[in-house]
Amino acid sequence: WSRHWQGLSMPSRPQMRKPSFATAATGYSNYENALKNPSAIAVDGDGNLYVADTGNNRIVRLTRTGQANAVSTGGVKLSAPQGLAVDALGDLLIANTGKNQILQLAASGTVSLFNDSGFRFSAPTALAFDTSTGFYVNSPDVIAVDSGSNRILRVSPGGVQVVATGTPALNHPAGVAIDPGGTLYATQTGSTKLIEVSPAGVQTVLIASGLSRPEGLAVDHSGTLYVTDTGNRRVLELQRSESPVLDFAITTEGRESSDSPKKVIVRNIGNSALSISRVSFPANFPEDASGKATDCKAGATLAPSAGCTLTIDFKPASAVTGTSTLLKESVTLTSNTLNKPGTVQTVVVEGTEIK
């Protein structure tokens with residue numbers, strides 16, 4: 001039995017400045033006037049900001065030092081690009097909306113169609129990488145809003161599948177985000193509804209009314225969801241995050257549970273190294289002593305996309321109150337998650353002890 005638990009390491013936040021966009025092509029001299037109807041942004045592991053400059057048919061990169069330049073797409077012409085996403089390997093995905101394409105700009109500079117299986121998109125817009133599986137080769141799957149067909153698609157180098165069409169049909173899907181556990185969220189500008197699609201593909205309405213032209217979505221590393229409620233001029237925060245919980249079998253005081261050990265896989269879903277400085281096990285849920293490896297230890301460093309394993313036993317040592325006692329404690333891991341050394345993340349563990 002194992003549970004996936006994800007750590008996240010990101011570069012420090014860049015200091016935002018007003019860069020110069022003056023070029024022979026635009027003739028503009030400042031940040032505000034150079035862009036025309038910008039529609040999407042993405043940040044890579046080095047802290048560079050990418051902007052879909054939709055009205056100018058280009059992607060602009062703003063570096064951490066405040067320099068700006070148009071991203072080369074290797075001769076492929078952009079037409080009203082409206083979606084961007086960057087993965088942990090530094091690859092940039094571009095929704096080339098006006099040409100019904102999704103382009104992949106590799107960190108090496110090569111440009112190609114992200115999906116070359118013959119599938120025809122219809123005005124793809126918002127994009128989000130699905131990193132919930134933790135490990136991947138080349139690039140994780142992409143969730144794409146195919147606005148022209150009112151569908152949400154899962155796109156991989158090997159093919160395309162429909163993730164959501166809505167019941168009733170989606171009405172101008174606009175924003176998409178996916179949380180660390182693989183749950184997908186989507187907004188619709190033609191509806192008040194916010195939908196949720198579970199990893200198993202079960203589609204439900206998360207918010208049925210009260211929204212007005214909701215568009216952008218974002219999910220943080222803990223699973224909290226943010227929604228731009230455009231018509232109501234507000235941003236909503238929805239607490240969707242739940243701590244991972246390991247449930248152990250009912251166990252007699254002083255003995256080891258029949259289902260010990262259990263595993264937690266910690267994965268670095270960020271863009272820079274995740275450094276673990278401390279791991280702490282509570283008294284009733286010690287580190288497994290049977291020889292099964294726990295390689296998530298103080299001093300361990302996880303490269304982007306790498307993982308390590310915690311192995312945990314349930315061996316209750318507390319005095320039982322009455323006939324049984326529910327014990328609920330936490331295994332803690334201290335790391336530089338979000339580039340903040342000393343950040344503590346917890347895995348909740350519980351089990352019932354009997355006499």
# chains A, B, ... in the order shown; residues from 1 in each chain; ligands from 1

call {"tool": "residues_around", "arguments": {"residues": "Ser122 of chain A", "least_positions_apart": "5", "cutoff": "7 Å", "atoms": "only C-alpha atoms", "output": "ChimeraX atom specification"}}
result
/A:100,146-149

call {"tool": "write_last_selection", "arguments": {"atoms": "C-alpha atoms", "output": "tab-separated table (two decimals), in the first residue's frame"}}
result
chain	number	residue	atom	x	y	z
A	100	ASN	CA	-5.90	25.26	-34.07
A	146	ASP	CA	-10.74	23.19	-26.82
A	147	SER	CA	-13.04	26.19	-26.84
A	148	GLY	CA	-14.32	25.77	-30.39
A	149	SER	CA	-15.77	22.33	-29.60

call {"tool": "select_by_dssp", "arguments": {"residues": "segment 122-300 of chain A", "states": "strand (DSSP E or B)", "output": "VMD selection string"}}
result
chain A and resid 124 to 129 142 to 146 151 to 156 159 to 164 173 to 178 184 to 188 194 to 197 203 to 207 214 to 219 225 to 229 234 to 238 245 to 247 251 to 252 262 to 268 274 to 280 287

call {"tool": "closest_residue", "arguments": {"among": "A:Val205, A:Ala186, A:Leu93, A:Cys296", "to": "Val155 of chain A", "atoms": "only C-alpha atoms"}}
result
A:Leu93

call {"tool": "residues_around", "arguments": {"residues": "Glu350 of chain A", "least_positions_apart": "2", "cutoff": "7 Å", "atoms": "only C-alpha atoms", "output": "NGL selection string"}}
result
:A and (246-248 or 327-329 or 348)

call {"tool": "closest_atom_pairs", "arguments": {"of": "segment 86-170 of chain A", "to": "segment 32-50 of chain A", "cutoff": "7 Å", "atoms": "only C-alpha atoms", "output": "CSV"}}
result
residue,atom,partner,partner_atom,distance
A:Val86,CA,A:Asp44,CA,5.8
A:Ala88,CA,A:Gly45,CA,6.8
A:Gly90,CA,A:Asp44,CA,6.1

call {"tool": "write_last_selection", "arguments": {"atoms": "C-alpha atoms", "output": "PDB file, in the first residue's frame"}}
result
ATOM      1  CA  VAL A  86       5.719  25.379 -18.673  1.00  0.00           C
ATOM      2  CA  ALA A  88       9.580  21.051 -14.876  1.00  0.00           C
ATOM      3  CA  GLY A  90      11.603  23.919 -19.076  1.00  0.00           C
TER       4      GLY A  90
END

call {"tool": "residues_around", "arguments": {"residues": "Gln239 of chain A", "least_positions_apart": "3", "cutoff": "8 Å", "atoms": "only C-alpha atoms", "output": "VMD selection string"}}
result
chain A and resid 223 to 225

call {"tool": "closest_atom_pairs", "arguments": {"of": "segment 294-336 of chain A", "to": "segment 266-270 of chain A", "cutoff": "7 Å", "atoms": "only C-alpha atoms", "output": "JSON lines"}}
result
{"residue": "A:Leu302", "atom": "CA", "partner": "A:Asn268", "partner_atom": "CA", "distance": 6.4}
{"residue": "A:Ala303", "atom": "CA", "partner": "A:Asn268", "partner_atom": "CA", "distance": 6.9}
{"residue": "A:Pro304", "atom": "CA", "partner": "A:Asn268", "partner_atom": "CA", "distance": 5.4}
{"residue": "A:Ser305", "atom": "CA", "partner": "A:Asn268", "partner_atom": "CA", "distance": 5.2}
{"residue": "A:Ala306", "atom": "CA", "partner": "A:Asn268", "partner_atom": "CA", "distance": 5.7}
{"residue": "A:Gly307", "atom": "CA", "partner": "A:Arg267", "partner_atom": "CA", "distance": 4.1}
{"residue": "A:Cys308", "atom": "CA", "partner": "A:Val266", "partner_atom": "CA", "distance": 5.3}
{"residue": "A:Thr309", "atom": "CA", "partner": "A:Val266", "partner_atom": "CA", "distance": 6.1}

call {"tool": "write_last_selection", "arguments": {"atoms": "N, CA and C atoms", "output": "compact mmCIF listing (two decimals), in the first residue's frame"}}
result
# COMPACT_ATOMS: atom_id res chain seq x y z
N LEU A 302 16.22 15.98 -3.63
CA LEU A 302 15.47 15.42 -4.75
C LEU A 302 15.55 16.37 -5.94
N ALA A 303 16.03 15.87 -7.04
CA ALA A 303 16.03 16.65 -8.28
C ALA A 303 14.59 16.79 -8.78
N PRO A 304 14.30 17.74 -9.67
CA PRO A 304 12.96 17.84 -10.24
C PRO A 304 12.49 16.51 -10.80
N SER A 305 11.28 16.13 -10.46
CA SER A 305 10.62 14.88 -10.88
C SER A 305 11.08 13.65 -10.10
N ALA A 306 12.09 13.80 -9.23
CA ALA A 306 12.58 12.65 -8.46
C ALA A 306 11.72 12.45 -7.21
N GLY A 307 11.85 11.27 -6.60
CA GLY A 307 11.06 10.97 -5.41
C GLY A 307 11.84 10.16 -4.40
N CYS A 308 11.30 10.05 -3.19
CA CYS A 308 11.86 9.19 -2.16
C CYS A 308 10.70 8.61 -1.37
N THR A 309 10.99 7.63 -0.50
CA THR A 309 9.93 6.88 0.17
C THR A 309 10.08 6.94 1.68

call {"tool": "closest_residue", "arguments": {"among": "A:Ser280, A:Ala200, A:Thr294, A:Ile143", "to": "Gln345 of chain A", "atoms": "only C-alpha atoms"}}
result
A:Ser280

call {"tool": "residues_around", "arguments": {"residues": "segment 108-115 of chain A", "least_positions_apart": "3", "cutoff": "12 Å", "atoms": "only C-alpha atoms", "output": "number ranges by chain"}}
result
A: 71-77, 89-96, 99-105, 118-121, 138-142, 144, 153-161

call {"tool": "write_last_selection", "arguments": {"atoms": "N, CA and C atoms", "output": "CSV table (one decimal), in the first residue's frame"}}
result
chain,number,residue,atom,x,y,z
A,71,VAL,N,9.7,35.6,-28.0
A,71,VAL,CA,10.3,34.2,-28.0
A,71,VAL,C,10.2,33.7,-29.5
A,72,SER,N,11.3,33.2,-29.9
A,72,SER,CA,11.4,32.6,-31.3
A,72,SER,C,10.6,31.3,-31.3
A,73,THR,N,9.8,31.2,-32.3
A,73,THR,CA,9.1,29.9,-32.6
A,73,THR,C,9.5,29.2,-33.8
A,74,GLY,N,10.8,29.5,-34.2
A,74,GLY,CA,11.4,28.7,-35.2
A,74,GLY,C,10.8,28.8,-36.6
A,75,GLY,N,10.2,29.9,-36.9
A,75,GLY,CA,9.6,30.1,-38.2
A,75,GLY,C,8.1,29.7,-38.2
A,76,VAL,N,7.6,29.1,-37.1
A,76,VAL,CA,6.2,28.8,-37.1
A,76,VAL,C,5.4,30.1,-36.7
A,77,LYS,N,4.5,30.5,-37.5
A,77,LYS,CA,3.7,31.7,-37.2
A,77,LYS,C,2.7,31.5,-36.2
A,89,LEU,N,10.8,20.5,-16.9
A,89,LEU,CA,11.9,20.3,-17.8
A,89,LEU,C,12.2,21.6,-18.6
A,90,GLY,N,11.4,22.6,-18.4
A,90,GLY,CA,11.6,23.9,-19.1
A,90,GLY,C,11.0,24.0,-20.4
A,91,ASP,N,10.2,23.0,-20.8
A,91,ASP,CA,9.5,23.0,-22.1
A,91,ASP,C,8.2,24.0,-22.0
A,92,LEU,N,8.1,24.8,-23.0
A,92,LEU,CA,6.9,25.7,-23.1
A,92,LEU,C,5.9,25.2,-24.1
A,93,LEU,N,4.6,25.1,-23.6
A,93,LEU,CA,3.5,24.8,-24.5
A,93,LEU,C,2.8,26.0,-24.8
A,94,ILE,N,2.4,26.2,-26.1
A,94,ILE,CA,1.7,27.4,-26.6
A,94,ILE,C,0.4,26.9,-27.3
A,95,ALA,N,-0.7,27.5,-26.9
A,95,ALA,CA,-1.9,27.2,-27.6
A,95,ALA,C,-2.0,28.3,-28.7
A,96,ASN,N,-1.7,27.8,-30.0
A,96,ASN,CA,-1.7,28.7,-31.1
A,96,ASN,C,-3.1,28.7,-31.6
A,99,LYS,N,-4.6,29.0,-35.2
A,99,LYS,CA,-4.2,28.0,-36.2
A,99,LYS,C,-4.6,26.6,-35.7
A,100,ASN,N,-5.4,26.5,-34.6
A,100,ASN,CA,-5.9,25.3,-34.1
A,100,ASN,C,-4.8,24.3,-33.8
A,101,GLN,N,-3.7,24.8,-33.1
A,101,GLN,CA,-2.5,24.0,-32.8
A,101,GLN,C,-2.1,24.1,-31.4
A,102,ILE,N,-1.4,23.1,-30.9
A,102,ILE,CA,-0.6,23.3,-29.6
A,102,ILE,C,0.8,23.0,-30.0
A,103,LEU,N,1.7,24.0,-29.7
A,103,LEU,CA,3.1,23.9,-30.1
A,103,LEU,C,3.9,23.6,-28.8
A,104,GLN,N,5.0,22.9,-29.0
A,104,GLN,CA,5.9,22.6,-27.9
A,104,GLN,C,7.2,23.2,-28.3
A,105,LEU,N,7.6,24.2,-27.4
A,105,LEU,CA,9.0,24.8,-27.6
A,105,LEU,C,9.9,24.2,-26.5
A,118,GLY,N,-2.6,13.7,-35.9
A,118,GLY,CA,-3.7,14.0,-36.8
A,118,GLY,C,-4.9,14.6,-36.2
A,119,PHE,N,-5.0,14.6,-34.9
A,119,PHE,CA,-6.2,15.2,-34.2
A,119,PHE,C,-6.2,16.7,-34.6
A,120,ARG,N,-7.4,17.2,-34.9
A,120,ARG,CA,-7.6,18.6,-35.2
A,120,ARG,C,-8.3,19.3,-34.0
A,121,PHE,N,-7.5,20.3,-33.4
A,121,PHE,CA,-8.1,21.1,-32.4
A,121,PHE,C,-9.0,22.1,-32.9
A,138,ASN,N,10.0,12.9,-21.0
A,138,ASN,CA,9.9,14.0,-21.9
A,138,ASN,C,8.9,15.1,-21.4
A,139,SER,N,7.7,14.8,-21.2
A,139,SER,CA,6.7,15.9,-20.8
A,139,SER,C,5.5,15.2,-20.2
A,140,PRO,N,4.9,15.8,-19.2
A,140,PRO,CA,3.6,15.2,-18.7
A,140,PRO,C,2.5,15.5,-19.7
A,141,ASP,N,1.3,14.8,-19.4
A,141,ASP,CA,0.2,15.1,-20.3
A,141,ASP,C,-0.3,16.6,-20.0
A,142,VAL,N,-1.0,17.1,-21.0
A,142,VAL,CA,-1.5,18.5,-20.9
A,142,VAL,C,-3.0,18.4,-21.0
A,144,ALA,N,-6.2,20.6,-22.0
A,144,ALA,CA,-6.4,21.7,-22.9
A,144,ALA,C,-7.9,22.0,-23.0
A,153,LEU,N,-9.8,18.5,-23.1
A,153,LEU,CA,-9.1,17.4,-23.6
A,153,LEU,C,-7.8,17.1,-22.8
A,154,ARG,N,-7.5,15.8,-22.8
A,154,ARG,CA,-6.2,15.4,-22.3
A,154,ARG,C,-5.3,15.1,-23.5
A,155,VAL,N,-4.2,15.8,-23.6
A,155,VAL,CA,-3.3,15.7,-24.8
A,155,VAL,C,-2.0,15.1,-24.3
A,156,SER,N,-1.5,14.0,-25.0
A,156,SER,CA,-0.2,13.5,-24.7
A,156,SER,C,0.5,13.3,-26.1
A,157,PRO,N,1.8,13.1,-26.1
A,157,PRO,CA,2.4,12.9,-27.4
A,157,PRO,C,1.8,11.7,-28.2
A,158,GLY,N,1.2,10.8,-27.5
A,158,GLY,CA,0.6,9.6,-28.2
A,158,GLY,C,-0.8,9.7,-28.6
A,159,GLY,N,-1.5,10.7,-28.2
A,159,GLY,CA,-2.9,10.8,-28.6
A,159,GLY,C,-3.7,11.8,-27.8
A,160,VAL,N,-5.0,11.9,-28.1
A,160,VAL,CA,-5.9,12.9,-27.4
A,160,VAL,C,-7.2,12.2,-26.9
A,161,GLN,N,-7.6,12.5,-25.7
A,161,GLN,CA,-8.9,11.9,-25.3
A,161,GLN,C,-9.7,13.0,-24.6
